[in-house]
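J.: Dropping a structure here in structure tokens format, bear with me for questions.
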Amino acid sequence: MSRAVLASPRPDAQATATCRHCGNTFHPVEGRTEYCCTGCEYVHRLITGQNLDRFYALRRGASAPVRSVVFQPRDLRWLEGLVKRAEERAVGDEASLELDLQGISCVGCVWLIDKLARDFAGVRGTHINASIGRLRLRWTRGACDVVAFARELQQFGYLVGPASKLVRTESSAIILRLGLCAAFAMNGMLFSLPPYLGMEPDFPFAKLFVALSFLFATLSVLVGGTYFLVRAWRSLQRRVLHIDLPIALGILVGYGGSIYAWTQASLGFVYFDFVTTFTFLMLVGRWTQLAAVERNRNHLLGLRQDLPPVELVAAEASDTAHRVVATKPAEALDRGDRFCIGPGQVVPVSSTLLGPAGSLGLDWISGESEARAASPGQVVESGAINLSPHPLRLEALEPWGTSLLARLFAVPTPAEWRNRTLEQVIRVYLLAVLAVAVVGGTAWWLLSQDVRATLQVVVSVLVVSCPCAIGVTLPLIDELAVARLRHAGVFVRSETLWSRLARVRKVIFDKTGTLTLESLVLRDPEALAGLATEARVALWQLVRLARHPVASCLREAMLAHGHADVDTAAAVDPAREEVGLGLEWRDPAGRVWQLGRGSWIEPGAAVAGDVAFGCDGRVITWFQVAEEVRDDAVAEVARLQELGRQVYILSGDRAEKVAAMADRLHLARAAAVAGMTPEGKAAWVRQLDAGDTLMIGDGANDSLAFDAATCRGTPAIERGLLEHRADFVFLGRGLSGIRKLVEAAQVRRAAIERVLGFAVVYNLAVVAVALSGHMNPLVAAVVMPASALVTLAIATWTMRRV
């Protein structure tokens with residue numbers, strides 16, 4: 001099957017529309033004016049056709065586009081094993097299972113999944129934890145096809161996976177500390193307030209109130225303060241100045257100085273209420289920062305399972321029959337093993353094809369989007385995908401450990417990222433505060449010879465110069481940026497992305513599936529509508545199980561436009577592949593239907609498209625299919641360049657296709673590199689990288705380049721590989737998420753500069769009061785939260801620009 005290289009330009013590149021299903025804006029093209037993708041069109045037809053329209057009433061705002069996830073066949077053998085074990089463990093007739101869930105975004109999704117479950121035979125109930133993306137399914141043992149229910153969820157855009165997400169995350173571990181410290185802070189303030197209101201020191205309960213304030217401050221340090229103390233100590237052991245260091249010092253100085261003042265009966269600088277309040281506010285800031293990123297991580301499935309086990313076959317196996325002698329984990333394959341790979345499965349190691357002939361997809365490992373024919377005796381690369389409708393027998397030429405796929409799947413231990421700018425800010429802050437405290441204390445000692453007054457000044461300076469801007473407001477800025485980007489379909493998954501993103505000056509794009517959409521697009525859907533009913537039925541039988549990119553494209557279009565004869569799908573024999581030529585199917589009447597090369601179907605037929613469809617040696621119609629460049633690729637690449645970023649294309653595809661893409665995006669040919677292996681991509685990125693590269697890719701062939709780049713992002717969230725290495729993922733048909741992320745980083749930087757500017761002014765003022773000897777716990781207790789509120793207002797106002 002052949003096809004065009006790139007889709008034709010849009011009729012009107014400036015026009016926009018709103019998708020009827022997901023609510024996102026998109027650029028309409030001829031034949032697609034109401035939906036941003038065929039996936040959204042298909043799901044909308046399902047929802048309205050089954051009277052589930054309440055989903056749209058319950059949905060809040062736009063959701064992620066469905067894309068092609070609903071059409072892609074998924075290997076759910078792992079689920080069959082989990083269901084079997086769940087039913088074996090069940091007590092009585094009810095079994096249950098917890099699964100990760102991807103695609104849930106609002107209460108409408110919860111309602112839709114629950115409605116589908118209640119209407120599915122054998123399902124007794126569901127419980128959905130939307131915050132972490134977790135589904136608990138209950139069913140009647142032996143009376144429910146759980147795998148079929150998972151496939152039905154996929155039809156509506158929801159994917160299930162093994163329950164591998166962490167339920168107890170770092171932010172959830174802080175919640176208990178946060179709740180206790182809130183109680184300690186309120187009680188600490190309660191018993192610290194009477195002296196400020198005029199309670200005399202000889203009041204019968206005065207000593208008790210101070211003792212209770214000490215108790216609650218001690219509990220705050222033990223419960224909440226230790227979180228920062230331990231992390232600060234560990235960072236110092238690694239010779240790293242972490243943001244937790246000034247917070248830990250503020251807690252220690254406030255607590256230790258207050259104990260000394262209490263023992264010396266100098267209640268004028270007992271800051272136990274400050275300790276409880278400060279600890280609570282710092283925990284609020286840290287929880288806010290962690291929860292925002294963890295929510296984005298939970299939007300996707302957890303880490304996927306390893307490759308499914310392979311079937312070892314007997315040596316006497318033939319092309320038409322083979323005997324399975326054992327199963328073996330793909331990671332345990334060794335040289336000389338003979339094994340079988342089913343349709344849609346990945347070849348784990350480089351192998352010799354024993355038979356039969358088949359079609360292979362290499363987009364995972366080379367980025368080449370076209371299928372390649374393979375004959376017996378040919379070497380099949382590790383990572384190739386079997387696109388044929390029949391199994392392939394292979395003999396391993398290498399063990400798993402030395403294979404390309406093993407290297408691509410290996411997740412390296414991430415190197416600790418040091419934010420040198422933040423470390424410098426912390427260093428200057430600490431040195432300045434300590435210097436002012438020492439100089440001020442020395443001056444007071446020389447002038448007054450009063451130990452208590454000197455210590456009061458020193459402790460007051462160290463306490464009132466607390467890093468509220470760093471501990472509370474900076475995490476809030478991150479949370480605001482992450483939350484606003486989430487509404488734009490960009491999910492930040494790494495806490496350290498912002499500091500690295502500020503240095504990015506070079507953006508590197510993979511081509512296939514990144515600059516283009518992940519699947520081919522049918523350019524003339526009217527050709528489907530013009531087919532007779534019997535021809536549409538035959539075409540559906542040809543493409544319904546096929547893995548070839550062209551057949552998958554036609555299958556998506558038929559499902560989206562309602563041309564698929566799904567009811568008769570299981571009642572007929574599957575299509576047969578003529579490797580390198582096309583697909584063939586014989587109907588019950590004996591007619592032979594074909595999809596593929598026109599010269600194969602009808603020799604001498606005039607070429608009028610990319611792929612022909614015919615019957616009994618006569619071409620009925622031609623279809624035009626092509627890679628479609630993402631809606632806004634040209635405009636977004638130009639805007640990235642306007643923002644001062646250099647843009648490159650790095651692809652394993654053929655040189656002429658990469659050059660055509662460079663021309664389409666108005667990039668210099670020298671900025672477009674083609675024919676690269678995964679190792680070559682990584683080497684090229686390492687050579688270019690000066691701590692300033694952002695790699696955008698979608699396939700396994702990009703994973704090594706991901707590891708070499710400073711920052712990394714992906715639009716691919718269904719493959720279970722790059723999304724868990726990426727610092728961010730972006731959804732939708734366009735590339736605007738990358739530019740929005742860069743712009744958000746710029747706004748974030750402006751907000752931080754304004755907050756730090758206010759913090760400098762604030763600290764100069766309160767330190768001056770402390771040095772004058774007029775600072776007391778009451779003033780400190782008022783100005784600290786007041787300064788925090790001002791910095792929060794500055795941050796919120798500035799981040800409105802995102």
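Every chain in the structure tokens takes a letter, A first, then B, and so on in the order presented; its residues are numbered from 1, and the ligands are numbered from 1 following the presented order.
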Going by DSSP on the backbone, which residues of region 26-235 of chain A come out as strand (DSSP E or B)? List them as a PyMOL selection string.
T.: chain A and resi 26+29+32+94-102+123-129+134-140+159-162
J.: Name all residues at most 12 Å from region 27-37 of chain A (count only C-alpha atoms; drop same-chain ones fewer than 6 positions away) and give them as a ChimeraX atom specification.
T.: /A:7-21,43-45,63-71,517-529,556-557,560-561,628-633,635,731-734
J.: Looking only at alpha helix (DSSP H) from DSSP on the backbone, list the matching residues of region 249-283 of chain A as an MDAnalysis selection string.
T.: chainID A and resid 249:263 272:283
J.: Filtering to C-alpha atoms, could you give me those residues as a PDB file, in the first residue's frame?
T.:
ATOM      1  CA  LEU A 249      16.966  27.244  60.335  1.00  0.00           C
ATOM      2  CA  GLY A 250      13.933  29.472  60.942  1.00  0.00           C
ATOM      3  CA  ILE A 251      12.221  26.695  62.900  1.00  0.00           C
ATOM      4  CA  LEU A 252      15.330  25.868  64.947  1.00  0.00           C
ATOM      5  CA  VAL A 253      16.188  29.475  65.772  1.00  0.00           C
ATOM      6  CA  GLY A 254      12.623  30.356  66.723  1.00  0.00           C
ATOM      7  CA  TYR A 255      12.233  27.253  68.879  1.00  0.00           C
ATOM      8  CA  GLY A 256      15.688  27.278  70.476  1.00  0.00           C
ATOM      9  CA  GLY A 257      15.683  31.022  71.141  1.00  0.00           C
ATOM     10  CA  SER A 258      12.227  30.805  72.702  1.00  0.00           C
ATOM     11  CA  ILE A 259      13.310  28.024  75.064  1.00  0.00           C
ATOM     12  CA  TYR A 260      16.283  30.106  76.182  1.00  0.00           C
ATOM     13  CA  ALA A 261      14.123  33.202  76.699  1.00  0.00           C
ATOM     14  CA  TRP A 262      11.588  31.147  78.666  1.00  0.00           C
ATOM     15  CA  THR A 263      14.250  29.705  80.962  1.00  0.00           C
ATOM     16  CA  PHE A 272       6.461  29.660  70.504  1.00  0.00           C
ATOM     17  CA  ASP A 273       3.373  30.912  68.625  1.00  0.00           C
ATOM     18  CA  PHE A 274       5.613  31.924  65.727  1.00  0.00           C
ATOM     19  CA  VAL A 275       7.093  28.412  65.590  1.00  0.00           C
ATOM     20  CA  THR A 276       3.692  26.727  65.343  1.00  0.00           C
ATOM     21  CA  THR A 277       2.346  29.159  62.739  1.00  0.00           C
ATOM     22  CA  PHE A 278       5.511  29.195  60.653  1.00  0.00           C
ATOM     23  CA  THR A 279       5.737  25.386  60.585  1.00  0.00           C
ATOM     24  CA  PHE A 280       2.107  25.099  59.512  1.00  0.00           C
ATOM     25  CA  LEU A 281       2.485  27.660  56.703  1.00  0.00           C
ATOM     26  CA  MET A 282       5.611  25.964  55.372  1.00  0.00           C
ATOM     27  CA  LEU A 283       3.793  22.612  55.242  1.00  0.00           C
TER      28      LEU A 283
END
J.: Hey, what's within 8 Å of Ala716 (chain A) if we count only C-alpha atoms and toss same-chain stuff fewer than 2 positions away? As a PyMOL selection string, please?
T.: chain A and resi 513+697-699+714+718-719+722-723+729
